[in-house]
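Dropping input_2.csv in here (CSV, C-alpha atoms and all ligand atoms):
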chain,number,residue,atom,x,y,z
A,18,MET,CA,0.0,0.0,0.0
A,19,SER,CA,1.5,3.4,-1.0
A,20,ASP,CA,0.3,5.2,2.1
A,21,TRP,CA,-0.5,2.8,4.9
A,22,ARG,CA,-2.3,5.6,6.8
A,23,GLU,CA,-4.9,5.9,4.1
A,24,PRO,CA,-7.6,3.6,5.6
A,25,TRP,CA,-7.5,5.6,8.8
A,26,ARG,CA,-7.8,8.9,6.9
A,27,VAL,CA,-10.6,7.6,4.6
A,28,GLU,CA,-12.6,6.2,7.5
A,29,ARG,CA,-12.2,9.4,9.5
A,30,ALA,CA,-13.3,11.6,6.6
A,31,ARG,CA,-16.3,9.3,5.9
A,32,VAL,CA,-17.5,9.5,9.4
A,33,HIS,CA,-17.0,13.3,9.6
A,34,ASP,CA,-18.9,13.7,6.3
A,35,ALA,CA,-21.8,11.7,7.7
A,36,TYR,CA,-22.0,13.4,11.1
A,37,ASP,CA,-20.5,16.9,10.9
A,38,VAL,CA,-24.0,18.3,10.2
A,39,HIS,CA,-24.6,17.9,13.9
A,40,PHE,CA,-21.8,20.3,14.9
A,41,GLY,CA,-23.3,23.1,17.0
A,42,ARG,CA,-26.6,21.4,17.6
A,43,ALA,CA,-28.1,20.9,21.1
A,44,VAL,CA,-27.6,17.3,22.2
A,45,ASP,CA,-31.4,17.1,22.7
A,46,ASP,CA,-31.8,17.6,19.0
A,47,LEU,CA,-29.6,14.6,18.0
A,48,PRO,CA,-31.2,11.5,16.6
A,49,THR,CA,-31.3,8.7,19.2
A,50,PRO,CA,-29.7,6.5,20.3
A,51,SER,CA,-26.6,8.6,20.3
A,52,LEU,CA,-23.4,8.3,22.3
A,53,LEU,CA,-22.6,11.5,24.2
A,54,VAL,CA,-19.4,12.7,25.9
A,55,ASP,CA,-19.5,15.6,28.2
A,56,VAL,CA,-16.0,17.0,27.5
A,57,GLU,CA,-15.9,19.2,30.6
A,58,ILE,CA,-16.5,16.2,32.9
A,59,LEU,CA,-13.9,14.2,30.8
A,60,GLN,CA,-11.4,17.0,31.2
A,61,ARG,CA,-12.0,17.0,35.0
A,62,ASN,CA,-11.3,13.2,35.0
A,63,LEU,CA,-8.0,13.8,33.1
A,64,VAL,CA,-7.0,16.4,35.7
A,65,THR,CA,-8.0,14.1,38.6
A,66,MET,CA,-5.8,11.3,37.2
A,67,ALA,CA,-2.9,13.6,36.5
A,68,SER,CA,-3.0,15.0,40.0
A,69,ALA,CA,-3.2,11.4,41.5
A,70,LEU,CA,0.0,10.5,39.7
A,71,GLU,CA,1.9,13.7,40.6
A,72,GLY,CA,5.0,13.0,42.7
A,73,TYR,CA,4.9,9.3,41.8
A,74,PRO,CA,7.2,7.7,39.2
A,75,ALA,CA,4.4,6.0,37.2
A,76,ARG,CA,3.4,7.7,34.0
A,77,LEU,CA,0.0,7.2,32.4
A,78,ARG,CA,-0.3,4.9,29.4
A,79,PRO,CA,-4.1,4.9,29.0
A,80,HIS,CA,-5.8,1.8,27.8
A,81,THR,CA,-7.6,2.9,24.6
A,82,LYS,CA,-9.6,-0.3,24.0
A,83,VAL,CA,-12.1,1.4,26.3
A,84,GLN,CA,-12.4,4.5,24.0
A,85,LYS,CA,-11.4,3.5,20.5
A,86,SER,CA,-10.8,7.1,19.6
A,87,THR,CA,-7.7,8.4,18.1
A,88,ASP,CA,-8.9,12.0,18.9
A,89,LEU,CA,-9.2,11.1,22.6
A,90,ALA,CA,-5.8,9.3,22.5
A,91,MET,CA,-4.2,12.5,21.1
A,92,LEU,CA,-5.9,14.6,23.8
A,93,GLN,CA,-4.4,12.3,26.4
A,94,MET,CA,-1.0,12.5,24.9
A,95,GLU,CA,-1.2,16.3,25.1
A,96,ALA,CA,-2.2,15.9,28.8
A,97,GLY,CA,1.1,14.0,29.4
A,98,ALA,CA,0.5,10.3,28.6
A,99,ILE,CA,3.7,8.5,27.5
A,100,GLY,CA,1.9,6.5,24.9
A,101,VAL,CA,-1.2,4.3,24.7
A,102,THR,CA,-2.2,0.7,25.6
A,103,VAL,CA,-4.3,-1.2,23.2
A,104,ALA,CA,-5.8,-4.7,23.1
A,105,THR,CA,-5.5,-5.6,19.5
A,106,VAL,CA,-3.0,-5.2,16.6
A,107,TRP,CA,-5.8,-3.3,14.7
A,108,GLU,CA,-6.2,-0.8,17.5
A,109,ALA,CA,-2.5,-0.4,17.5
A,110,ALA,CA,-2.6,0.3,13.7
A,111,ALA,CA,-5.3,3.0,14.1
A,112,MET,CA,-3.3,4.6,17.0
A,113,ALA,CA,-0.1,4.6,15.0
A,114,ALA,CA,-1.8,5.9,11.9
A,115,ALA,CA,-3.1,8.8,14.0
A,116,GLY,CA,0.5,9.6,15.0
A,117,ILE,CA,0.7,8.1,18.5
A,118,PRO,CA,4.5,7.5,18.9
A,119,ASP,CA,4.5,4.7,21.5
A,120,VAL,CA,2.0,1.8,21.6
A,121,LEU,CA,1.8,-1.2,23.9
A,122,ILE,CA,-0.4,-4.2,22.8
A,123,ALA,CA,-1.2,-5.5,26.2
A,124,ASN,CA,-2.2,-8.9,24.8
A,125,GLN,CA,-0.7,-11.9,23.1
A,126,VAL,CA,-0.6,-11.5,19.4
A,127,VAL,CA,-0.9,-14.8,17.6
A,128,GLY,CA,-1.5,-15.7,14.0
A,129,ASP,CA,0.5,-15.0,10.9
A,130,ASP,CA,-1.4,-12.0,9.6
A,131,LYS,CA,-1.3,-10.3,13.0
A,132,LEU,CA,2.4,-11.0,13.4
A,133,ARG,CA,3.1,-9.5,10.0
A,134,SER,CA,1.0,-6.5,10.8
A,135,ALA,CA,2.7,-6.0,14.2
A,136,ALA,CA,6.1,-6.2,12.6
A,137,ALA,CA,5.1,-3.7,9.9
A,138,LEU,CA,3.8,-1.3,12.6
A,139,CYS,CA,7.2,-1.2,14.2
A,140,ARG,CA,8.3,1.0,11.3
A,141,HIS,CA,5.7,3.7,12.3
A,142,THR,CA,5.6,3.6,16.1
A,143,ASN,CA,7.6,2.4,19.0
A,144,LEU,CA,5.7,-0.9,19.5
A,145,SER,CA,5.8,-3.3,22.5
A,146,LEU,CA,3.9,-6.5,22.9
A,147,VAL,CA,3.5,-9.0,25.7
A,148,VAL,CA,4.4,-12.7,25.7
A,149,ASP,CA,3.8,-15.7,27.8
A,150,ASP,CA,4.9,-18.6,25.6
A,151,GLU,CA,8.3,-19.4,23.9
A,152,ARG,CA,6.5,-20.5,20.7
A,153,ASN,CA,5.0,-17.1,20.3
A,154,VAL,CA,8.3,-15.4,21.1
A,155,ALA,CA,9.9,-17.5,18.3
A,156,ALA,CA,7.2,-16.5,15.8
A,157,LEU,CA,7.5,-12.8,16.8
A,158,SER,CA,11.3,-12.9,16.3
A,159,GLN,CA,10.8,-14.5,12.9
A,160,ALA,CA,8.2,-11.8,11.9
A,161,ALA,CA,10.5,-9.0,13.2
A,162,LEU,CA,13.5,-10.5,11.2
A,163,SER,CA,11.5,-10.7,8.0
A,164,ALA,CA,10.4,-7.1,8.3
A,165,GLY,CA,13.8,-5.9,9.4
A,166,VAL,CA,12.5,-4.3,12.6
A,167,THR,CA,12.9,-4.5,16.3
A,168,MET,CA,9.9,-5.2,18.5
A,169,GLY,CA,9.7,-4.3,22.2
A,170,ILE,CA,8.7,-7.2,24.5
A,171,LEU,CA,7.3,-7.4,28.0
A,172,VAL,CA,7.0,-10.7,29.8
A,173,ASP,CA,3.3,-11.0,30.8
A,174,ILE,CA,3.0,-12.2,34.4
A,175,ASP,CA,-0.2,-13.6,35.8
A,176,VAL,CA,-0.5,-11.9,39.2
A,177,GLY,CA,-3.8,-13.4,40.2
A,178,MET,CA,-6.3,-12.9,37.4
A,179,ALA,CA,-5.5,-16.3,35.8
A,180,ARG,CA,-6.0,-15.1,32.3
A,181,CYS,CA,-2.9,-14.8,30.1
A,182,GLY,CA,0.6,-14.5,31.7
A,183,VAL,CA,3.3,-16.8,32.9
A,184,ARG,CA,2.3,-18.7,36.0
A,185,SER,CA,5.5,-18.6,38.1
A,186,SER,CA,8.7,-16.5,38.7
A,187,ASP,CA,10.8,-19.3,37.2
A,188,GLN,CA,8.8,-19.3,34.0
A,189,ALA,CA,9.1,-15.5,33.8
A,190,LEU,CA,12.9,-15.7,34.2
A,191,SER,CA,13.2,-18.5,31.7
A,192,LEU,CA,11.0,-16.7,29.1
A,193,ALA,CA,12.8,-13.4,29.6
A,194,ARG,CA,16.2,-15.1,29.0
A,195,TYR,CA,14.8,-16.7,25.9
A,196,VAL,CA,13.5,-13.3,24.6
A,197,ASP,CA,16.9,-11.9,25.2
A,198,THR,CA,18.5,-14.4,22.9
A,199,MET,CA,16.1,-13.8,20.0
A,200,ALA,CA,17.0,-11.6,17.1
A,201,GLY,CA,14.6,-8.8,16.3
A,202,LEU,CA,13.3,-8.6,19.8
A,203,GLU,CA,14.2,-6.2,22.6
A,204,LEU,CA,13.3,-7.2,26.2
A,205,ARG,CA,11.9,-4.1,27.9
A,206,GLY,CA,10.4,-5.5,31.2
A,207,VAL,CA,7.2,-7.0,32.5
A,208,GLN,CA,3.4,-6.5,32.4
A,209,ALA,CA,1.5,-7.4,35.6
A,210,TYR,CA,-2.1,-6.5,35.1
A,211,GLU,CA,-4.0,-7.2,38.3
A,212,GLY,CA,-7.4,-7.5,36.8
A,213,HIS,CA,-8.7,-9.6,39.7
A,214,CYS,CA,-8.5,-6.5,42.0
A,215,MET,CA,-10.4,-4.0,39.9
A,216,LEU,CA,-14.0,-4.7,41.0
A,217,GLU,CA,-13.3,-5.8,44.6
A,218,PRO,CA,-15.9,-3.7,46.4
A,219,ASP,CA,-14.1,-3.6,49.7
A,220,ARG,CA,-11.4,-1.0,49.5
A,221,GLU,CA,-9.2,-2.5,52.1
A,222,THR,CA,-9.3,-5.9,50.4
A,223,ARG,CA,-8.6,-4.3,47.1
A,224,ILE,CA,-5.6,-2.5,48.5
A,225,LYS,CA,-4.3,-5.8,50.0
A,226,LEU,CA,-4.8,-7.8,46.8
A,227,ALA,CA,-3.3,-5.1,44.6
A,228,ARG,CA,-0.3,-4.7,46.9
A,229,GLU,CA,0.3,-8.5,47.0
A,230,ALA,CA,0.1,-8.6,43.2
A,231,MET,CA,2.6,-5.8,42.8
A,232,THR,CA,5.0,-7.2,45.4
A,233,TYR,CA,5.1,-10.4,43.4
A,234,ALA,CA,5.6,-8.6,40.1
A,235,VAL,CA,8.3,-6.3,41.6
A,236,GLU,CA,10.2,-9.4,42.9
A,237,ILE,CA,10.1,-11.0,39.5
A,238,ARG,CA,11.3,-7.9,37.7
A,239,GLN,CA,14.1,-7.6,40.2
A,240,ARG,CA,15.1,-11.2,39.5
A,241,LEU,CA,15.3,-10.4,35.8
A,242,LEU,CA,17.5,-7.3,36.5
A,243,ASP,CA,19.7,-9.3,38.9
A,244,ASP,CA,20.2,-11.8,36.1
A,245,GLY,CA,21.6,-9.0,33.9
A,246,LEU,CA,18.5,-8.7,31.8
A,247,SER,CA,17.1,-5.4,30.6
A,248,ALA,CA,13.7,-5.1,32.4
A,249,GLN,CA,13.1,-1.4,33.2
A,250,THR,CA,9.4,-1.4,32.5
A,251,LEU,CA,6.7,-2.5,35.0
A,252,SER,CA,3.4,-1.9,33.3
A,253,ALA,CA,0.1,-2.6,35.3
A,254,GLY,CA,-2.9,-1.1,36.9
A,255,GLY,CA,-6.4,0.0,35.9
A,256,THR,CA,-9.1,2.5,37.0
A,257,GLY,CA,-9.9,0.4,40.0
A,258,THR,CA,-6.4,0.5,41.4
A,259,TYR,CA,-5.1,3.8,39.9
A,260,ASP,CA,-4.3,5.2,43.4
A,261,ILE,CA,-3.0,1.9,44.8
A,262,THR,CA,-0.9,0.3,42.0
A,263,GLY,CA,-0.4,3.8,40.5
A,264,HIS,CA,1.3,4.8,43.7
A,265,ASN,CA,3.7,1.9,43.9
A,266,PRO,CA,7.2,3.3,43.7
A,267,ASN,CA,8.3,0.6,41.3
A,268,LEU,CA,5.6,1.0,38.7
A,269,THR,CA,6.8,2.8,35.6
A,270,GLU,CA,3.4,3.0,33.7
A,271,LEU,CA,-0.2,2.8,34.6
A,272,GLN,CA,-2.7,1.3,32.1
A,273,ALA,CA,-5.9,2.8,33.4
A,274,GLY,CA,-8.5,3.6,30.7
A,275,SER,CA,-12.1,3.6,32.0
A,276,PHE,CA,-11.6,6.6,34.3
A,277,VAL,CA,-12.1,9.0,31.3
A,278,PHE,CA,-15.7,7.9,30.9
A,279,MET,CA,-16.7,5.7,33.9
A,280,ASP,CA,-19.7,3.4,33.7
A,281,ALA,CA,-22.2,1.6,35.9
A,282,MET,CA,-19.8,-1.3,36.4
A,283,HIS,CA,-17.2,0.9,38.1
A,284,GLY,CA,-20.1,2.7,39.9
A,285,ASN,CA,-18.8,4.2,43.1
A,286,LEU,CA,-15.8,2.0,43.3
A,287,VAL,CA,-13.4,4.8,42.4
A,288,PRO,CA,-14.7,8.1,43.8
A,289,GLY,CA,-13.1,11.1,42.2
A,290,PHE,CA,-14.1,10.3,38.7
A,291,GLU,CA,-17.5,11.3,37.2
A,292,VAL,CA,-19.5,9.8,34.4
A,293,SER,CA,-18.8,11.7,31.2
A,294,LEU,CA,-20.2,9.1,28.8
A,295,THR,CA,-24.0,8.5,28.3
A,296,VAL,CA,-26.4,7.1,25.7
A,297,LEU,CA,-29.1,9.6,24.7
A,298,SER,CA,-32.4,7.8,24.2
A,299,THR,CA,-36.0,8.6,23.4
A,300,VAL,CA,-39.1,7.3,25.1
A,301,MET,CA,-40.8,5.4,22.2
A,302,ALA,CA,-43.8,4.0,24.2
A,303,ARG,CA,-45.3,4.2,27.6
A,304,HIS,CA,-47.8,1.7,29.1
A,305,GLY,CA,-48.8,2.5,32.6
A,306,ASP,CA,-45.7,3.2,34.6
A,307,THR,CA,-43.5,1.2,32.1
A,308,VAL,CA,-41.5,3.2,29.6
A,309,ILE,CA,-39.9,1.7,26.6
A,310,LEU,CA,-36.7,3.4,25.3
A,311,ASP,CA,-35.1,3.2,21.9
A,312,ALA,CA,-31.7,2.2,23.4
A,313,GLY,CA,-31.4,-1.6,23.6
A,314,ARG,CA,-28.4,-3.8,23.7
A,315,LYS,CA,-27.4,-2.8,20.2
A,316,SER,CA,-26.6,0.7,21.5
A,317,VAL,CA,-25.7,0.3,25.2
A,318,GLY,CA,-23.4,-2.4,26.7
A,319,ILE,CA,-25.2,-4.3,29.4
A,320,ASP,CA,-22.3,-6.5,30.5
A,321,PHE,CA,-21.8,-6.8,34.2
A,322,VAL,CA,-24.4,-4.2,35.3
A,323,SER,CA,-27.7,-3.0,33.9
A,324,PRO,CA,-27.5,0.5,32.6
A,325,PRO,CA,-29.2,3.0,34.9
A,326,ILE,CA,-30.8,6.3,33.8
A,327,VAL,CA,-29.2,9.6,34.7
A,328,ASN,CA,-31.0,11.4,37.6
A,329,GLU,CA,-33.8,8.8,37.7
A,330,THR,CA,-34.4,5.7,39.9
A,331,TRP,CA,-36.3,3.7,37.4
A,332,VAL,CA,-35.8,0.0,37.5
A,333,ALA,CA,-34.6,-1.8,34.4
A,334,ARG,CA,-36.8,-4.7,33.5
A,335,TYR,CA,-35.3,-5.9,30.2
A,336,PHE,CA,-32.9,-4.9,27.5
A,337,ALA,CA,-33.9,-6.2,24.0
A,338,GLU,CA,-32.0,-5.4,20.8
A,339,GLU,CA,-33.7,-2.0,20.1
A,340,HIS,CA,-35.8,-1.6,23.3
A,341,ALA,CA,-35.1,-1.0,26.9
A,342,LEU,CA,-38.0,-1.5,29.4
A,343,PHE,CA,-38.0,0.5,32.6
A,344,ASP,CA,-40.5,0.6,35.4
A,345,THR,CA,-40.8,4.2,36.4
A,346,SER,CA,-42.4,5.8,39.5
A,347,SER,CA,-46.1,6.8,39.2
A,348,ALA,CA,-45.0,10.4,39.9
A,349,TYR,CA,-43.2,10.4,36.5
A,350,ARG,CA,-45.3,12.4,34.2
A,351,ALA,CA,-43.3,12.8,31.0
A,352,ASP,CA,-44.2,10.7,28.0
A,353,LEU,CA,-43.6,9.8,24.4
A,354,GLY,CA,-40.7,11.6,22.7
A,355,ASP,CA,-39.0,12.5,25.9
A,356,HIS,CA,-35.2,12.1,26.1
A,357,VAL,CA,-33.3,10.4,28.8
A,358,GLN,CA,-29.6,9.5,29.2
A,359,LEU,CA,-28.4,6.0,30.1
A,360,ILE,CA,-25.1,5.3,31.8
A,361,ALA,CA,-23.3,2.4,30.1
A,362,GLY,CA,-23.4,-0.8,32.0
A,363,TYR,CA,-19.9,-1.3,30.6
A,364,ALA,CA,-18.2,1.5,28.6
A,365,PRO,CA,-16.0,-0.5,26.3
A,366,THR,CA,-18.8,-2.6,24.9
A,367,THR,CA,-21.0,0.4,24.5
A,368,ILE,CA,-18.6,2.5,22.5
A,369,ASN,CA,-17.9,-0.4,20.1
A,370,LEU,CA,-21.6,-0.2,19.1
A,371,HIS,CA,-21.4,3.4,17.8
A,372,ASP,CA,-19.9,5.1,14.8
A,373,VAL,CA,-19.2,8.3,16.7
A,374,MET,CA,-19.2,10.0,20.1
A,375,PHE,CA,-20.9,13.4,20.1
A,376,VAL,CA,-18.7,15.5,22.2
A,377,HIS,CA,-20.6,18.3,23.9
A,378,ARG,CA,-19.9,21.3,26.0
A,379,SER,CA,-22.9,22.4,28.2
A,380,GLY,CA,-25.2,20.4,26.0
A,381,VAL,CA,-24.0,21.7,22.6
A,382,VAL,CA,-22.1,19.5,20.2
A,383,SER,CA,-18.6,20.8,20.0
A,384,ASP,CA,-16.8,17.9,18.4
A,385,ILE,CA,-17.3,14.5,16.7
A,386,TRP,CA,-15.0,11.6,17.6
A,387,PRO,CA,-15.1,8.7,15.2
A,388,VAL,CA,-15.0,5.3,16.9
A,389,PHE,CA,-12.5,2.9,15.3
A,390,PRO,CA,-11.5,0.3,14.8
A,391,ARG,CA,-14.8,-1.2,16.0
A,392,GLY,CA,-15.2,-4.9,15.4
A,393,PRO,CA,-12.5,-7.0,13.8
A,394,GLY,CA,-11.9,-6.1,10.2
A,395,HIS,CA,-13.6,-2.7,10.5
A,396,HIS,CA,-13.0,-0.6,7.4
A,397,GLY,CA,-9.8,-2.0,6.2
A,398,PHE,CA,-7.9,-1.9,9.5
A,399,GLN,CA,-7.4,-5.6,9.3
A,400,GLN,CA,-5.7,-5.2,6.0
A,401,LEU,CA,-3.8,-2.1,6.9
A,402,LEU,CA,-0.4,-3.6,7.1
A,403,THR,CA,-0.5,-7.1,5.8
A,501,LIG,C1,-4.4,-5.5,30.2
A,501,LIG,C2,-5.3,-4.5,30.8
A,501,LIG,N1,-4.7,-3.4,31.3
A,501,LIG,C3,-5.5,-2.4,31.9
A,501,LIG,C4,-6.8,-2.5,32.0
A,501,LIG,C5,-7.5,-1.5,32.7
A,501,LIG,O1,-8.5,-0.8,32.2
A,501,LIG,P1,-9.6,0.0,33.0
A,501,LIG,O2,-9.0,1.2,33.5
A,501,LIG,O3,-10.6,0.2,32.0
A,501,LIG,O4,-10.1,-0.8,34.1
A,501,LIG,C6,-7.5,-3.6,31.4
A,501,LIG,C7,-8.9,-3.8,31.4
A,501,LIG,O5,-9.5,-4.7,31.0
A,501,LIG,C8,-6.7,-4.6,30.8
A,501,LIG,O6,-7.2,-5.7,30.2
Any chance you could put this one into structure tokens?
Amino acid sequence: MSDWREPWRVERARVHDAYDVHFGRAVDDLPTPSLLVDVEILQRNLVTMASALEGYPARLRPHTKVQKSTDLAMLQMEAGAIGVTVATVWEAAAMAAAGIPDVLIANQVVGDDKLRSAAALCRHTNLSLVVDDERNVAALSQAALSAGVTMGILVDIDVGMARCGVRSSDQALSLARYVDTMAGLELRGVQAYEGHCMLEPDRETRIKLAREAMTYAVEIRQRLLDDGLSAQTLSAGGTGTYDITGHNPNLTELQAGSFVFMDAMHGNLVPGFEVSLTVLSTVMARHGDTVILDAGRKSVGIDFVSPPIVNETWVARYFAEEHALFDTSSAYRADLGDHVQLIAGYAPTTINLHDVMFVHRSGVVSDIWPVFPRGPGHHGFQQLLT
């Protein structure tokens, strides 16, 4: 491809062509369901995070799988982020195409097309990937050699979540040594995402679990360093542990992402951050005290927690594809055509359902942020670099 950034530019222009007509409109005049971002609240969340990290060595590397917005990623870079975290090689491609200079794929990348793409991306951004298996390391080395590039590598450590990641300190050391011998790869440190702590409701228990996880990760990294390996990076943390893991003196980068938007899943777990992301919806029918909204599970993520309504105590009864049924109080007088805003049950699986976020300032649309890449293969991102 003559210009590998072209799919990103074309998609961005297409989305703007389709949605720019809404610039300057009141959010209440938008078609529904629409995804709204209150940019003043979002900015406050960015400031809260920056203040929380002040005086600590960890720098923010926001997880952009939550947001899928290169505009928001650029905003966070301007606010001091050292780069971004992503979940897929296609997200990495979009971020690199937008000009993000440093990208961490916080997931195992497996499969020939993905490996080729990851290697090709190294020409355009400082890319790191995580590994937990020698076979994957060998394949990454081969891909890097074929492309004539160097890939950054973090050894992924399971610190209690039992998802990906090596299962012991010995495995971590052995894998790190192996990476160190492989051409085309540069060992940069470890990833230790403590996902099992994020939603622990009891703050004291969350602190205890997160500290244990980090003690284990720090010991492993020290073992690597003592072995003469280069392992400067310790990358971990999320919104639920931003002021626990984020304050660990050994952490070099914090991967929190959800704090920019928040959602019902995070609820009141992390006070200090406010909900900036909502789904605007219209009352499409009312029967007795039951209202039916036009925002079903094709426009709002219901994973983990049922989406509540902003400033209302209605009880969710059911989310169908294009309908949400809520039991309201009998004091509720409004009716057909009324607008309400829902808080996402889970922000990442809400955003993925929309073409754009309507960014607003005091209820007036001030920007349009395209959402990409959405699913796998979205608009050529899958072919971007193969
Ligand atoms: C590898 C990794 N890092 C960090 C996060 C933290 O993200 P959040 O701040 O949205 O909790 C996640 C969330 O799933 C993750 O998978």
Item to check | Contacts to ligand LIG 501 (chain A) at 9 Å cut-off (all atoms listed in the file) as a PyMOL selection string | outcome: chain A and resi 79-83+102-104+122-124+208-212+215-216+252-259+271-277+279+283+364-365
Checklist entry - In Å to one decimal, how far is atom CA of Leu342 of chain A from atom CA of Gly313 of chain A? => result 8.8 Å
Next on the checklist: I need every residue sitting at most 8 Å from the point (-41.3, 8.3, 20.3) (coordinates as in the file, only C-alpha atoms considered), written as number ranges by chain.
Outcome noted: A: 299-302, 353-355
Next on the checklist: List the spatial neighbours of Glu229 of chain A as an MDAnalysis selection string - criterion: any atom at most 12 Å away, all atoms listed in the file, same-chain residues fewer than 6 positions off excluded.
Outcome noted: chainID A and resid 176:177 209 211 213:214 222:223 235:236 261:262 265
Checklist outcome for this item: In Å and to one decimal, atom CA of Asp311 of chain A is distant from atom CA of Met282 of chain A by 21.6 Å
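With atom CA of Leu246 of chain A on one side and atom CA of Arg205 of chain A on the other, the separation reads 8.9 Å.
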Checklist entry - Which residue out of A:Val101, A:Val183, A:Leu310, A:Ile319 has the minimum interatomic distance to Glu339 of chain A when all atoms listed in the file are used? => result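 The closest residue to Glu339 of chain A is A:Leu310.
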Checklist entry - With all atoms listed in the file as the atoms that count, which of A:Thr367, A:Ser134, A:Ser191, A:Thr232 lies nearest to Asp244 of chain A? => result A:Ser191
Checklist entry - Within 6 Å of segment 145-148 of chain A, counting only C-alpha atoms, which residues qualify if same-chain residues fewer than 3 places away don't, as a list in words? => result Leu121, Ile122, Ala123, Asn124, Gln125, Gly169, Ile170, Leu171, Val172 and Asp173 of chain A
Checklist entry - For Ala281 of chain A, which residue out of A:Leu359, A:Ala155, A:Leu268, A:Val332 is the nearest one, using only C-alpha atoms? => result A:Leu359
Checklist entry - Which one of A:Thr345, A:Gln239, A:Gln60, A:Gln93 sits closest to Leu190 of chain A if you count all atoms listed in the file? => result A:Gln239
